[in-house]
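Here is the file query_34.cif (mmCIF, C-alpha atoms).
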```cif
data_target
#
loop_
_atom_site.label_atom_id
_atom_site.label_comp_id
_atom_site.auth_asym_id
_atom_site.auth_seq_id
_atom_site.Cartn_x
_atom_site.Cartn_y
_atom_site.Cartn_z
CA MET A 1069 59.37 12.94 63.52
CA ALA A 1070 58.12 15.96 65.45
CA ARG A 1071 58.36 17.99 62.26
CA LEU A 1072 56.30 15.41 60.37
CA ILE A 1073 53.55 15.51 63.01
CA HIS A 1074 53.71 19.29 62.89
CA ALA A 1075 53.29 19.22 59.09
CA ILE A 1076 50.33 16.81 59.29
CA VAL A 1077 48.55 18.78 62.02
CA THR A 1078 49.07 22.04 60.11
CA GLY A 1079 47.73 20.30 57.01
CA LEU A 1080 44.60 19.13 58.84
CA ILE A 1081 43.93 22.61 60.22
CA GLY A 1082 44.37 23.95 56.68
CA ALA A 1083 41.95 21.29 55.39
CA ALA A 1084 39.32 22.35 57.95
CA LEU A 1085 39.71 26.02 57.00
CA LEU A 1086 39.57 25.20 53.30
CA HIS A 1087 36.46 23.06 53.93
CA LEU A 1088 34.64 26.08 55.37
CA VAL A 1089 35.88 28.42 52.63
CA ILE A 1090 34.70 26.04 49.91
CA VAL A 1091 31.28 25.44 51.52
CA PHE A 1092 30.62 29.18 51.80
CA ALA A 1093 32.04 30.05 48.38
CA LEU A 1094 30.62 27.13 46.40
CA PRO A 1095 27.15 28.62 45.71
CA GLN A 1096 28.79 31.43 43.68
CA PHE A 1097 30.92 29.15 41.53
CA THR A 1098 29.17 25.89 40.70
CA GLY A 1099 27.61 27.01 37.39
CA GLY A 1100 25.22 24.11 37.97
CA ASP A 1101 22.80 25.98 40.19
CA ALA A 1102 19.11 26.13 39.33
CA TYR A 1103 19.17 29.72 37.98
CA SER A 1104 22.07 29.00 35.58
CA ARG A 1105 20.31 25.86 34.39
CA VAL A 1106 17.04 27.77 33.86
CA LEU A 1107 18.88 30.42 31.83
CA ALA A 1108 20.45 27.67 29.73
CA LEU A 1109 16.96 26.43 28.71
CA GLY A 1110 16.45 29.34 26.34
CA PRO A 1111 15.41 32.99 26.28
CA ALA A 1112 14.39 34.59 29.58
CA GLY A 1113 10.93 36.10 29.96
CA ARG A 1114 8.96 33.09 28.79
CA PHE A 1115 7.97 29.77 30.30
CA HIS A 1116 9.86 26.64 29.32
CA LEU A 1117 8.04 23.36 29.87
CA LEU A 1118 10.39 20.86 31.50
CA ASP A 1119 9.87 17.99 29.13
CA ARG A 1120 10.76 14.50 30.32
CA GLN A 1121 12.15 13.69 26.87
CA GLY A 1122 14.20 16.88 26.79
CA PRO A 1123 17.75 17.48 27.97
CA ALA A 1124 16.73 19.66 30.92
CA GLU A 1125 17.94 17.32 33.68
CA PRO A 1126 18.10 17.83 36.65
CA LEU A 1127 15.48 20.56 36.51
CA VAL A 1128 12.88 18.07 35.25
CA PRO A 1129 10.75 16.86 38.17
CA ASP A 1130 11.53 13.24 38.99
CA ASP A 1131 8.06 12.82 40.47
CA PRO A 1132 6.13 10.86 37.78
CA PHE A 1133 2.90 12.75 38.55
CA VAL A 1134 4.31 16.27 38.46
CA GLN A 1135 4.88 18.52 35.44
CA ALA A 1136 6.72 21.81 35.73
CA SER A 1137 7.40 24.90 33.69
CA VAL A 1138 9.92 27.61 34.50
CA CYS A 1139 10.52 31.22 33.48
CA ALA A 1140 13.63 33.30 34.20
CA TYR A 1141 12.75 36.92 34.89
CA ASP A 1142 14.69 40.15 34.67
CA LEU A 1143 12.81 43.13 36.05
CA THR A 1144 15.37 45.79 35.11
CA ALA A 1145 13.25 47.17 32.25
CA SER A 1146 9.76 46.58 33.65
CA PRO A 1147 7.75 44.41 36.03
CA ARG A 1148 6.47 41.12 34.60
CA ILE A 1149 3.04 39.56 34.82
CA VAL A 1150 2.68 35.79 35.16
CA THR A 1151 -0.61 34.38 33.93
CA ALA A 1152 -1.92 30.84 33.58
CA SER A 1153 -5.33 29.27 33.49
CA GLY A 1154 -6.79 25.81 33.41
CA ASP A 1155 -8.18 23.17 35.67
CA PRO A 1156 -5.54 20.65 36.75
CA ALA A 1157 -6.10 18.52 39.86
CA PHE A 1158 -3.50 20.61 41.64
CA TRP A 1159 -1.19 23.44 40.70
CA SER A 1160 1.30 25.61 42.53
CA PHE A 1161 3.38 28.69 41.82
CA ALA A 1162 6.71 29.70 43.33
CA VAL A 1163 9.10 32.60 42.81
CA PHE A 1164 12.81 32.31 43.58
CA ASP A 1165 15.69 34.78 43.46
CA LYS A 1166 18.83 34.02 41.44
CA ARG A 1167 20.42 32.31 44.46
CA ALA A 1168 17.43 29.90 44.54
CA ASN A 1169 15.95 31.39 47.72
CA GLU A 1170 12.17 31.20 47.92
CA ILE A 1171 10.54 34.63 47.67
CA PHE A 1172 6.90 33.72 47.30
CA SER A 1173 4.73 30.65 46.80
CA LEU A 1174 1.10 29.69 46.67
CA SER A 1175 -1.03 26.70 45.77
CA ASP A 1176 -4.30 26.70 43.84
CA ARG A 1177 -6.24 26.58 47.11
CA SER A 1178 -5.42 30.25 47.67
CA ILE A 1179 -7.14 31.21 44.41
CA GLU A 1180 -10.78 30.46 43.76
CA THR A 1181 -10.96 31.33 40.08
CA GLY A 1182 -8.61 28.65 38.74
CA ARG A 1183 -6.60 31.42 37.11
CA LEU A 1184 -3.24 32.83 38.13
CA ASP A 1185 -2.44 36.53 37.69
CA ALA A 1186 0.70 37.57 39.50
CA ILE A 1187 2.89 40.61 38.96
CA LEU A 1188 6.57 40.28 39.75
CA ALA A 1189 8.05 43.64 40.72
CA THR A 1190 11.01 44.98 42.65
CA PRO A 1191 10.06 46.88 45.84
CA ALA A 1192 10.46 50.24 44.02
CA GLN A 1193 8.34 49.11 41.08
CA ALA A 1194 5.72 47.66 43.44
CA ALA A 1195 5.45 50.95 45.31
CA ARG A 1196 4.92 52.77 42.00
CA LEU A 1197 2.29 50.25 40.88
CA ARG A 1198 0.36 50.59 44.13
CA LYS A 1199 0.44 54.37 43.92
CA ALA A 1200 -0.69 54.46 40.30
CA ASP A 1201 -3.50 51.96 40.76
CA PRO A 1202 -4.64 51.37 44.35
CA GLY A 1203 -7.19 48.78 43.21
CA LEU A 1204 -4.52 46.61 41.56
CA MET A 1205 -3.94 44.47 44.64
CA GLY A 1206 -7.53 43.28 44.57
CA ARG A 1207 -7.23 41.93 41.04
CA VAL A 1208 -3.74 40.43 40.94
CA ILE A 1209 -1.16 39.06 43.30
CA LEU A 1210 1.72 41.47 43.66
CA VAL A 1211 4.99 39.66 44.38
CA GLU A 1212 7.80 41.87 45.62
CA THR A 1213 11.11 40.33 44.63
CA THR A 1214 14.35 40.84 46.52
CA GLY A 1215 16.50 41.36 43.43
CA SER A 1216 15.68 42.09 39.81
CA GLU A 1217 16.62 38.60 38.59
CA GLY A 1218 15.43 35.12 39.41
CA TYR A 1219 13.00 32.48 38.20
CA ALA A 1220 9.35 31.53 38.60
CA VAL A 1221 8.15 27.92 38.67
CA LEU A 1222 4.70 26.61 37.85
CA ARG A 1223 3.85 23.03 38.73
CA SER A 1224 0.79 20.94 38.03
CA LEU A 1225 -0.13 17.47 39.17
CA ALA A 1226 -1.92 14.68 37.30
CA PRO A 1227 -2.86 11.84 39.69
CA HIS A 1228 -3.97 9.72 36.71
CA ALA A 1229 -2.70 9.54 33.14
CA SER A 1230 -6.17 10.62 31.98
CA LEU A 1231 -5.74 13.95 33.79
CA GLU A 1232 -2.42 14.75 32.14
CA PRO A 1233 -3.92 16.92 29.33
CA GLU A 1234 -5.35 19.30 31.97
CA ALA A 1235 -2.03 19.41 33.84
CA LEU A 1236 -0.09 20.10 30.63
CA GLY A 1237 -2.71 22.53 29.31
CA PHE A 1238 -2.34 24.68 32.42
CA LEU A 1239 1.43 24.85 31.99
CA LYS A 1240 1.20 25.50 28.25
CA SER A 1241 -1.14 28.45 28.90
CA ALA A 1242 1.47 30.05 31.16
CA ARG A 1243 2.95 33.38 30.14
CA CYS A 1244 5.55 35.57 31.76
CA ASP A 1245 5.14 38.91 29.90
CA PRO A 1246 6.39 42.44 30.58
CA PHE A 1247 3.76 44.38 32.51
CA ALA A 1248 3.05 47.75 30.98
CA GLN A 1249 1.47 50.29 33.26
CA ARG A 1250 -1.03 52.67 31.76
CA MET B 1142 68.13 20.49 53.07
CA LEU B 1143 65.14 19.12 51.19
CA LYS B 1144 63.36 18.41 54.45
CA THR B 1145 61.57 21.74 54.81
CA PRO B 1146 60.10 21.84 51.27
CA PHE B 1147 59.02 18.23 51.75
CA MET B 1148 57.18 19.08 55.00
CA VAL B 1149 55.55 22.08 53.33
CA ALA B 1150 54.44 19.85 50.46
CA ILE B 1151 52.89 17.35 52.91
CA THR B 1152 51.04 20.17 54.64
CA LEU B 1153 49.69 21.56 51.38
CA VAL B 1154 48.65 18.18 50.00
CA ILE B 1155 46.79 17.31 53.21
CA ALA B 1156 45.14 20.75 53.34
CA PHE B 1157 43.93 20.82 49.73
CA ALA B 1158 43.07 17.15 49.26
CA GLY B 1159 41.43 16.98 52.71
CA GLY B 1160 39.54 20.23 52.27
CA ILE B 1161 38.14 19.38 48.83
CA TRP B 1162 37.40 15.74 49.62
CA SER B 1163 35.62 16.56 52.89
CA VAL B 1164 33.35 19.10 51.15
CA LEU B 1165 32.40 16.66 48.38
CA ALA B 1166 31.78 13.89 50.91
CA ALA B 1167 29.67 16.15 53.11
CA LEU B 1168 27.54 17.36 50.18
CA ASP B 1169 27.00 13.84 48.87
CA ALA B 1170 26.05 12.51 52.29
CA THR B 1171 23.39 15.06 53.19
CA THR B 1172 21.22 17.84 51.84
CA GLY B 1173 21.83 20.11 54.80
CA LEU B 1174 22.08 20.36 58.56
CA ALA B 1175 18.50 21.32 59.44
CA ALA B 1176 16.69 18.05 58.74
CA ILE B 1177 13.50 16.90 60.38
CA ARG B 1178 13.52 13.17 61.00
CA ILE B 1179 10.51 10.96 61.59
CA GLY B 1180 11.61 7.32 61.75
CA PRO B 1181 13.58 6.68 58.55
CA TRP B 1182 12.03 9.72 56.84
CA GLU B 1183 14.05 12.86 56.40
CA ALA B 1184 12.92 16.27 55.13
CA PHE B 1185 14.52 19.69 54.74
CA PRO B 1186 11.72 22.27 55.01
CA LEU B 1187 14.14 25.23 55.01
CA ALA B 1188 16.49 24.07 52.21
CA GLN B 1189 14.93 26.42 49.62
CA THR B 1190 14.75 29.49 51.86
CA VAL B 1191 17.11 32.31 52.84
CA LYS B 1192 17.37 30.59 56.22
CA ALA B 1193 19.03 27.53 54.67
CA ASP B 1194 22.31 26.59 56.32
CA PRO B 1195 25.60 26.88 54.34
CA TYR B 1196 25.64 23.15 53.55
CA ALA B 1197 22.07 23.26 52.21
CA ARG B 1198 23.00 26.28 50.06
CA ALA B 1199 26.12 24.59 48.69
CA HIS B 1200 24.18 21.39 48.07
CA ARG B 1201 21.35 23.05 46.16
CA ALA B 1202 23.79 25.19 44.13
CA ARG B 1203 25.63 22.05 43.01
CA ASP B 1204 22.55 19.88 42.59
CA GLY B 1205 20.59 22.42 40.53
CA ARG B 1206 17.15 20.99 41.26
CA LEU B 1207 13.98 23.05 41.49
CA LEU B 1208 13.02 22.69 45.13
CA TYR B 1209 9.45 22.83 46.37
CA ALA B 1210 8.55 26.13 47.98
CA SER B 1211 6.76 26.07 51.33
CA ALA B 1212 3.22 26.48 49.94
CA GLU B 1213 3.82 23.81 47.30
CA GLY B 1214 4.93 20.74 49.15
CA LEU B 1215 7.45 18.96 51.32
CA THR B 1216 9.57 16.00 50.26
CA PHE B 1217 10.50 13.22 52.65
CA THR B 1218 13.15 10.69 51.64
CA ALA B 1219 14.04 7.36 53.23
CA ARG B 1220 17.38 5.60 52.69
CA THR B 1221 16.80 3.00 55.38
CA ASP B 1222 13.93 0.94 56.75
CA ALA B 1223 12.53 1.20 60.28
CA SER B 1224 15.41 -0.94 61.65
CA ASN B 1225 18.02 1.40 60.07
CA ALA B 1226 19.14 -1.17 57.47
CA PRO B 1227 19.84 0.44 54.07
CA LEU B 1228 17.09 -0.10 51.48
CA ASP B 1229 17.94 -2.98 49.15
CA ALA B 1230 16.13 -3.62 45.86
CA ALA B 1231 16.36 -7.37 46.41
CA CYS B 1232 14.05 -7.07 49.43
CA THR B 1233 10.33 -6.52 49.82
CA TYR B 1234 9.21 -3.69 52.06
CA ARG B 1235 5.81 -2.78 53.41
CA LEU B 1236 4.74 0.77 54.06
CA THR B 1237 1.84 0.98 56.51
CA GLY B 1238 -0.06 3.62 58.38
CA LEU B 1239 -1.45 7.06 57.72
CA ALA B 1240 -0.08 9.95 55.71
CA PRO B 1241 0.18 13.45 57.23
CA ALA B 1242 -2.50 15.97 56.33
CA ALA B 1243 -2.05 17.05 52.71
CA ARG B 1244 -4.11 17.60 49.57
CA PHE B 1245 -2.05 14.95 47.77
CA TRP B 1246 0.89 12.77 48.33
CA THR B 1247 3.05 10.83 45.90
CA LEU B 1248 5.46 7.96 46.43
CA TYR B 1249 8.21 6.87 44.03
CA THR B 1250 11.74 5.52 44.02
CA ARG B 1251 14.97 7.18 43.00
CA PRO B 1252 16.28 5.89 40.63
CA ALA B 1253 12.98 5.12 38.88
CA ASN B 1254 12.35 1.64 37.53
CA ALA B 1255 13.04 1.62 33.81
CA ASN B 1256 10.17 -0.69 32.81
CA PRO B 1257 7.30 1.36 31.33
CA ASP B 1258 4.80 -1.44 32.04
CA ARG B 1259 5.42 -1.23 35.76
CA PRO B 1260 3.96 1.32 38.16
CA GLU B 1261 6.43 4.21 38.28
CA GLY B 1262 4.88 5.70 41.37
CA LEU B 1263 1.79 5.77 43.53
CA ASN B 1264 -0.29 8.67 44.78
CA SER B 1265 -3.00 9.28 47.34
CA ARG B 1266 -5.75 9.18 44.69
CA MET B 1267 -4.94 5.74 43.29
CA ILE B 1268 -4.24 3.55 46.31
CA LEU B 1269 -6.62 1.19 48.10
CA ARG B 1270 -7.27 1.97 51.75
CA GLU B 1271 -8.74 0.41 54.86
CA ILE B 1272 -11.98 1.80 56.28
CA ASP B 1273 -10.05 3.96 58.77
CA GLY B 1274 -8.07 5.62 55.95
CA SER B 1275 -4.83 3.76 56.62
CA PHE B 1276 -3.03 1.98 53.82
CA ALA B 1277 -0.46 -0.73 53.19
CA ILE B 1278 1.87 -0.47 50.19
CA ASP B 1279 4.21 -3.27 49.17
CA VAL B 1280 7.50 -2.04 47.70
CA SER B 1281 9.03 -4.90 45.77
CA ALA B 1282 10.72 -5.88 42.50
CA ARG B 1283 8.09 -8.64 42.08
CA ALA B 1284 4.43 -7.84 41.50
CA ARG B 1285 2.33 -7.95 44.68
CA PRO B 1286 -1.43 -7.93 45.25
CA GLY B 1287 -2.97 -4.73 46.62
CA ASN B 1288 -0.93 -1.55 46.47
CA TRP B 1289 2.37 -2.23 44.73
CA LEU B 1290 5.31 0.05 43.99
CA ALA B 1291 7.83 -1.52 41.60
CA LEU B 1292 11.51 -1.32 42.48
CA PRO B 1293 14.35 -0.35 40.12
CA ALA B 1294 16.98 -2.91 39.13
CA SER B 1295 19.71 -1.10 41.06
CA GLU B 1296 20.76 -2.48 44.40
CA ARG B 1297 20.38 0.70 46.46
CA PHE B 1298 17.41 3.01 46.13
CA VAL B 1299 15.76 5.89 47.93
CA LEU B 1300 12.04 6.15 48.65
CA VAL B 1301 10.61 9.61 48.01
CA PHE B 1302 7.35 10.60 49.70
CA THR B 1303 6.09 14.06 48.75
CA LEU B 1304 3.23 15.92 50.44
CA PHE B 1305 1.53 18.60 48.35
CA ASP B 1306 -0.17 21.61 49.92
CA THR B 1307 0.49 20.47 53.45
CA PRO B 1308 0.43 22.35 56.75
CA VAL B 1309 3.44 20.21 57.74
CA ALA B 1310 5.72 22.37 55.59
CA SER B 1311 5.00 25.49 57.60
CA SER B 1312 4.59 23.96 61.05
CA THR B 1313 7.47 23.97 63.47
CA GLY B 1314 6.33 21.20 65.81
CA VAL B 1315 6.98 18.19 63.61
CA SER B 1316 7.32 15.47 66.20
CA ASP B 1317 3.65 14.49 66.11
CA ILE B 1318 3.37 14.12 62.33
CA PRO B 1319 2.19 10.61 61.50
CA MET B 1320 4.43 9.12 58.80
CA PRO B 1321 3.84 5.62 57.43
CA GLU B 1322 6.12 2.97 58.81
CA LEU B 1323 8.57 1.16 56.56
CA THR B 1324 9.26 -2.46 57.49
CA LYS B 1325 11.26 -5.12 55.68
CA LEU B 1326 9.26 -8.26 54.87
CA GLU B 1327 11.76 -10.57 53.17
CA CYS B 1328 14.82 -10.62 50.95
CA ALA B 1329 15.51 -12.67 47.82
CA HIS B 1330 19.09 -13.33 48.85
CA GLY B 1331 20.24 -14.23 52.35
#
```
What's the structure tokens form of this structure?
Amino acid sequence: MARLIHAIVTGLIGAALLHLVIVFALPQFTGGDAYSRVLALGPAGRFHLLDRQGPAEPLVPDDPFVQASVCAYDLTASPRIVTASGDPAFWSFAVFDKRANEIFSLSDRSIETGRLDAILATPAQAARLRKADPGLMGRVILVETTGSEGYAVLRSLAPHASLEPEALGFLKSARCDPFAQR
Amino acid sequence: MLKTPFMVAITLVIAFAGGIWSVLAALDATTGLAAIRIGPWEAFPLAQTVKADPYARAHRARDGRLLYASAEGLTFTARTDASNAPLDAACTYRLTGLAPAARFWTLYTRPANANPDRPEGLNSRMILREIDGSFAIDVSARARPGNWLALPASERFVLVFTLFDTPVASSTGVSDIPMPELTKLECAHG
């Protein structure tokens, strides 16, 4: 009997340890994390509209008023420039690393022109860009990423069905191109 | 002489089954440890950041959703009404009060109702308000006068209230945020 209790207690301690190991290790192994799902949408380096009719669950926003588009970036070869323009009722932009940690975000209130120009660059690339063109920061938003891979999300909101063309038009205008420095 | 292997087997079965089951249960039950709670409403403002706790990281890695960044919005969910009873699609609920400061807010249910003729969600631009800016929204499977959010056919549902471009997402003192109150009016079955 004492041996049985000993076995059960040891088992429970093992379960607690395993619980912690799994919780800490899980993010590396699920394969169902946001970055893997974004990569599965198609080629990196361009925006993919998350269509409600498409198979992109669970990336597709479940908010009926929100549309989203997502671009996986890889800055190994060069920085990338994200551009979009249009006049939806509300839009927002967010950059995440490959572990889905937020790096940068803004809403349309921070920009008066109704046009998004943001350069994604690693800290080394950003330093080079600033040195080569000190006036760059005044014209675009320079986002320093923590790693060279991750994804950028654009969202737009249509409070009424009649405003959906503007919301979709903004997302369809979105590009995520390599940024060539002259 | 089979006693020792048998005890070892018990230990291993308890350790592995218990460890795996407890992780799955924990991740299904909650999105993370660092929730802010206002009445029945629950939000995780740090879930998408580097500061997220290990449970929030494991949850988001398994869930694979695109979370709102801090400048975009903050999502509150409610699984219970003001009296802590789980939300039931057979009941009618009323949401009253004021929304926190935000450019927009939206309200919908998870799962969504499957009927395309019924309102899928409501937002701050489309609802009717009192003169003081407060509102009352009836959440019910049956059509209601005034502001009405249709319920899905499923028994259990979650109410999702999202604030867009809100100072709430970046503020630390969250206790004084006014969130609308969720009260149960009546139920179709006893």
Carefully work through the PyMOL selection byres ((chain B) within 7 of (chain A)) for this structure and note down the residues it includes, as a PyMOL selection string.
chain B and resi 1148-1149+1151-1153+1155-1157+1159-1161+1163-1164+1189-1191+1195-1196+1198-1199+1201-1207+1210-1213+1249+1261-1262+1264+1266+1306
Excluding B:Thr1216 and residues on its chain fewer than 5 positions from it, collect all residues at most 7 Å away from it, counting all atoms listed in the file, and give them as a list in words.
Ala1184, Val1301, Phe1302, Thr1303 and Leu1304 of chain B
Write out, as a PDB file, in the coordinates of the input, the residues just selected, with C-alpha atoms.
```pdb
ATOM      1  CA  ALA B1184      12.920  16.270  55.130  1.00  0.00           C
ATOM      2  CA  VAL B1301      10.610   9.610  48.010  1.00  0.00           C
ATOM      3  CA  PHE B1302       7.350  10.600  49.700  1.00  0.00           C
ATOM      4  CA  THR B1303       6.090  14.060  48.750  1.00  0.00           C
ATOM      5  CA  LEU B1304       3.230  15.920  50.440  1.00  0.00           C
TER       6      LEU B1304
END
```
Could you pull the residues within 8 Å of A:Arg1183, counting all atoms listed in the file, minus those fewer than 3 positions along the same chain, as a PyMOL selection string?
chain A and resi 1151-1154+1179-1180
Please indicate the distance in Å from atom CA of A:Ala1200 to atom CA of A:Tyr1219, rounded to one decimal place.
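Taking atom CA of A:Ala1200 as the start and atom CA of A:Tyr1219 as the end point, the length is 26.0 Å.
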Do a neighbour search on stretch 1285-1291 of chain B at 10 Å with all atoms listed in the file, toss out local chain neighbours closer than 4 positions, and write the hits as a ChimeraX atom specification.
/B:1230,1233-1236,1248-1250,1253-1256,1259-1263,1267-1270,1276-1281
If you keep C-alpha atoms, can you produce a file of those selected residues as a short mmCIF file (atom, residue, chain, number, x, y, z; two decimals), in the coordinates of the input?
```
data_model
loop_
_atom_site.label_atom_id
_atom_site.label_comp_id
_atom_site.auth_asym_id
_atom_site.auth_seq_id
_atom_site.Cartn_x
_atom_site.Cartn_y
_atom_site.Cartn_z
CA ALA B 1230 16.13 -3.62 45.86
CA THR B 1233 10.33 -6.52 49.82
CA TYR B 1234 9.21 -3.69 52.06
CA ARG B 1235 5.81 -2.78 53.41
CA LEU B 1236 4.74 0.77 54.06
CA LEU B 1248 5.46 7.96 46.43
CA TYR B 1249 8.21 6.87 44.03
CA THR B 1250 11.74 5.52 44.02
CA ALA B 1253 12.98 5.12 38.88
CA ASN B 1254 12.35 1.64 37.53
CA ALA B 1255 13.04 1.62 33.81
CA ASN B 1256 10.17 -0.69 32.81
CA ARG B 1259 5.42 -1.23 35.76
CA PRO B 1260 3.96 1.32 38.16
CA GLU B 1261 6.43 4.21 38.28
CA GLY B 1262 4.88 5.70 41.37
CA LEU B 1263 1.79 5.77 43.53
CA MET B 1267 -4.94 5.74 43.29
CA ILE B 1268 -4.24 3.55 46.31
CA LEU B 1269 -6.62 1.19 48.10
CA ARG B 1270 -7.27 1.97 51.75
CA PHE B 1276 -3.03 1.98 53.82
CA ALA B 1277 -0.46 -0.73 53.19
CA ILE B 1278 1.87 -0.47 50.19
CA ASP B 1279 4.21 -3.27 49.17
CA VAL B 1280 7.50 -2.04 47.70
CA SER B 1281 9.03 -4.90 45.77
#
```
Enter the distance from atom CA of B:Gly1238 to atom CA of B:Asn1225, in Å, rounded to one decimal.
18.3 Å
Picked residues, the PyMOL selection byres ((chain B and resi 1242) around 9), as a PyMOL selection string
chain B and resi 1240-1241+1243-1245+1304+1306-1309+1318-1319
Skip A:Ala1112 itself and residues of its chain fewer than 5 positions away, then list as a PyMOL selection string all residues within 7 Å of it, counting all atoms listed in the file.
chain A and resi 1107+1139-1141
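Relative to atom CA of A:Glu1212, atom CA of B:Lys1192 is found at 18.2 Å.
Residues selected in this file by the PyMOL selection byres ((chain B and resi 1328) around 6) comprise Ala1231, Cys1232, Glu1327, Ala1329 and His1330 of chain B.
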A:Phe1247, A:Gly1203, A:Gln1135, A:Pro1156 ranked by distance to A:His1116, top pick (using only C-alpha atoms)
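Distance minimum relative to A:His1116 lands on A:Gln1135.
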